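Enquirer: Supplied in structure tokens, the structure appears directly below.
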Amino acid sequence: VADDSDRRLAAALDGVLDSYRVVPRLANVGGTRLPSREEVATILDDLLSLCFPGFFGREQLGELNARYVVGERCARVLTHLEAALVRAFVLEACGCRTPETDLDARAREESLAMLEALPEIRRLLATDIGAAFKGDPAATSPEEVITSYPGILAIAGHRIAHHLWVRCVPLVPRLMSEIIHSRTGIDIHPGAKIGEGFFIDHGTGVVIGETCVIGTNVKLYQGVTLGAHSVDVETPAESRGAHDPKPQRHPTLEDDVTVYAGATILGGGTVIGRGSTIGGNVWLTHGVPPGTSVVMDPPTLRYRTSG
Amino acid sequence: VADDSDRRLAAALDGVLDSYRVVPRLANVGGTRLPSREEVATILDDLLSLCFPGFFGREQLGELNARYVVGERCARVLTHLEAALVRAFVLEACGCRTPETDLDARAREESLAMLEALPEIRRLLATDIGAAFKGDPAATSPEEVITSYPGILAIAGHRIAHHLWVRCVPLVPRLMSEIIHSRTGIDIHPGAKIGEGFFIDHGTGVVIGETCVIGTNVKLYQGVTLGAHSVDVETPAESRGAHDPKPQRHPTLEDDVTVYAGATILGGGTVIGRGSTIGGNVWLTHGVPPGTSVVMDPPTLRYRTSG
Amino acid sequence: VADDSDRRLAAALDGVLDSYRVVPRLANVGGTRLPSREEVATILDDLLSLCFPGFFGREQLGELNARYVVGERCARVLTHLEAALVRAFVLEACGCRTPETDLDARAREESLAMLEALPEIRRLLATDIGAAFKGDPAATSPEEVITSYPGILAIAGHRIAHHLWVRCVPLVPRLMSEIIHSRTGIDIHPGAKIGEGFFIDHGTGVVIGETCVIGTNVKLYQGVTLGAHSVDVETPAESRGAHDPKPQRHPTLEDDVTVYAGATILGGGTVIGRGSTIGGNVWLTHGVPPGTSVVMDPPTLRYRTSG
């Protein structure tokens, strides 16, 4: 039996290797190494620690060591992000990509620019945390909000990924948004434009599409979709570059809009006017003027009493 | 170029450090170290292993080694939980917190009390597993239910977190509930009161609010929200202590209630009477008497046949 | 105080050990060791790497090393899967299980068969990736789809778990499907039959029941449930074997069906005819003929304008 197992294992291996030749695009053999999800997760976690120093992990920061701990972390992000970006640039078609000879310089440039953007990202996150603390009666402290709110993790990850996205960095921002999606159940495409003071409560099931435009002080609850009407009319992906300008397929939410749990808002031409409130489970495929409150006229319920 | 990178990295570091001074509440520099999510996850996993010995990890428990393996685990939980709780007590305002000099003693007391509560928690979990096994035709064995059902992980984590919550332990129960939320998609606030024989099937998207009261033998499906009407009328978080008595903002479900997928039940005054069944996608903001079956009068569908 | 803590810790340990004797089925003491979630996750990740070589982790595959890297991985899967399966076979009642003396041989056989199935699984996954790339206007490259799309991770994990399920392997396929559910929010029972070219976009909250039958080129969005009517009429789990033939409790979707976000389709007799489109939030408990488009007649909305 042992001999037969040897033979079958060898044959199975041959079968697997053969299948790599049949569908070569699904077998990265002989190609460049991709930026792996694990290394992007490490970079993202370091960037999140730079945004909220002393809140994650076991570190204790004081005036004495802060410069060294934070400096070491910045240098580490620079090294790791640069290595990941070189691989990403080689890999992916990108409308605004530079010639291959400049990939190293571009990776260095983008990594430095990421670090340089952190103060502005932290300024935005401070407004998001203020919104969370104000918006949730169950919140007890900023420490709780920073360490325990999936909505804060989601917007922090998004603001980092979006910075890379608008600079036409391929693959890495999408890996970041999927790492956050996996941890929180909140799926924000890195292309979405989101203003200050953004808060998502609970969050599981939230989907925010690539071309959404969201104003300041907007609040979403779990299960909200800001999506596209349908993909039927779109340009097929094959004939587009990654960062070609795309028509807006997803809605616009102006300032001070609140969208309750399970609501769905669809379409690139759909504008929800400033200060509007969209009720739970509402299904909207057209815009509403500023200051509108929309609630579902609840479907008739049928009651039956046993006994 | 290398020189310019050096200069830019140093300048980026200065920018980051400066931004820590601008928004000091989002930079825990010079403050006490927080209980980290990772260490709370380790404590929670040890407590779950104590609840279901021999089901997780690679351990093999027998009569010979059980006392030593379990004893070592209890001692480890005591040490780790105590260390995390001291930090949590220092950190957070808490309506019932003791003077700072007693924090060590209180952390020891709460850690021992957690271990002492395990037999009662296991008794409750046995009823939950019975409910899962009875309620799901796809279940094949208690081993499958304990190791593979997110609803069991969610209620086990909740019963542990809730024990700490009712004893006014800050931050740590919320970290526990978010660790479970991240793993299961089920978001149960540690404040929720949940009776015996509780089962959540599938579970992704379930939200159970802080002041819910749930009776015995209640069953929920994926996407169910037991939430608050709106936060507009609430006392702002800033003017409350973490554990001040709060008005009930979330519903009451009496014994033997079943709530099907996607249903939403809102409001502190909403009482779902014993033995009631709430159909899928139903939206309820008022209570129903015992024995009521509520189904959505399904919205009219429009059919169009191609060709 | 220290002495009293000693005493209380010892008493707490006794309490925990006593409780293991009270509810023995929830304490695996003296029983066989279970296949752990961690080791099944390792096996699953190795199988996923075999499906998509060079896309995960930090490996770089070339013509020179591919045979060795892939061969080592195949041998590792064989060893680990065999060890996990022996434990699973001992544990679980299974309608088609062989006598205990043959468990080692059966575990070897199933592990080899898993490796032998990989080329066919890869052929199916190539159709799924084609469907994802075609169906999502935001997709930019197969690399992005393979590394960043939760729907691809979900179907890849499912095709592996389903292979084991149809061969009556207990527990391990369910552990696999729950590992994927935890990572993606997509809950596909390993029993579901799914045709070629399957794509789930976003995916959080999707539930696909055990006896679903899904044709080719089917596309689902987030929050779609393909479920059972109710479990009331089912044979209680206690009186069934794990793999007894079960009546179909979940729907059939024929080829080329699209189901938009939040739709719910229930019941074993429900057949969605070829080429049909089911709109967002639609609730269906009956089938529709081929080529039907079903949309919700949206519930009346109530608008109120402030000021």
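Residues are named by chain letter and number: chains run A, B, ... in the order of the structure tokens, numbers start at 1 in each chain, and ligands are numbered from 1 in the order shown.
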Extract, using only C-alpha atoms, all DNA, RNA and protein residues at most 6 Å from stretch 54-67 of chain A, discarding same-chain residues fewer than 3 positions from it, and format them as a PDB file with C-alpha atoms, in the first residue's frame.
Expert:
```pdb
ATOM      1  CA  VAL A  70       7.628  56.070  16.279  1.00  0.00           C
ATOM      2  CA  GLY A  71      10.771  56.708  14.229  1.00  0.00           C
TER       3      GLY A  71
ATOM      4  CA  ASN B  28      -1.679  57.711  24.112  1.00  0.00           C
ATOM      5  CA  VAL B  29       1.788  59.097  24.806  1.00  0.00           C
ATOM      6  CA  GLY B  30       2.734  59.299  28.462  1.00  0.00           C
ATOM      7  CA  ARG B  33      -0.830  51.261  28.663  1.00  0.00           C
ATOM      8  CA  SER B  36      -4.553  45.322  24.138  1.00  0.00           C
TER       9      SER B  36
END
```
Enquirer: Select all residues from chain B having any atom no more than 8 Å from an atom of chain A (counting only C-alpha atoms, ignoring ligands), output as a PyMOL selection string.
Expert: chain B and resi 5+8-9+12-13+15-17+19+23+25-38+92-93+171+174-175+178+181-183+185+187+204-205+207+210+231+234-238+240-242+282-283+290-299
Enquirer: Give me, as an MDAnalysis selection string, the residues of stretch 86-203 of chain A that a backbone DSSP run labels strand (DSSP E).
Expert: chainID A and resid 187:188 193:194 199:200
Enquirer: Skipping near chain neighbours, those fewer than 3 positions away, what residues fall within 9 Å of B:Thr252 using only C-alpha atoms, listed as a PyMOL selection string?
Expert: chain B and resi 211-215+226+267-273+287
Enquirer: Can you work out the spacing between atom CA of A:Gly195 and atom CA of A:Thr127 in Å, to one decimal?
Expert: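 Computing the Euclidean distance for atom CA of A:Gly195 and atom CA of A:Thr127 yields 9.6 Å.
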Enquirer: I'd like the neighbourhood of A:Leu81 as a list of chain:residue names, where a residue qualifies if any of its atoms comes within 8 Å (using only C-alpha atoms), though same-chain residues fewer than 4 positions away should be ignored.
Expert: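 That gives A:Val40, A:Ile43, A:Val77, A:Leu85, A:Ala107, A:Ser111.
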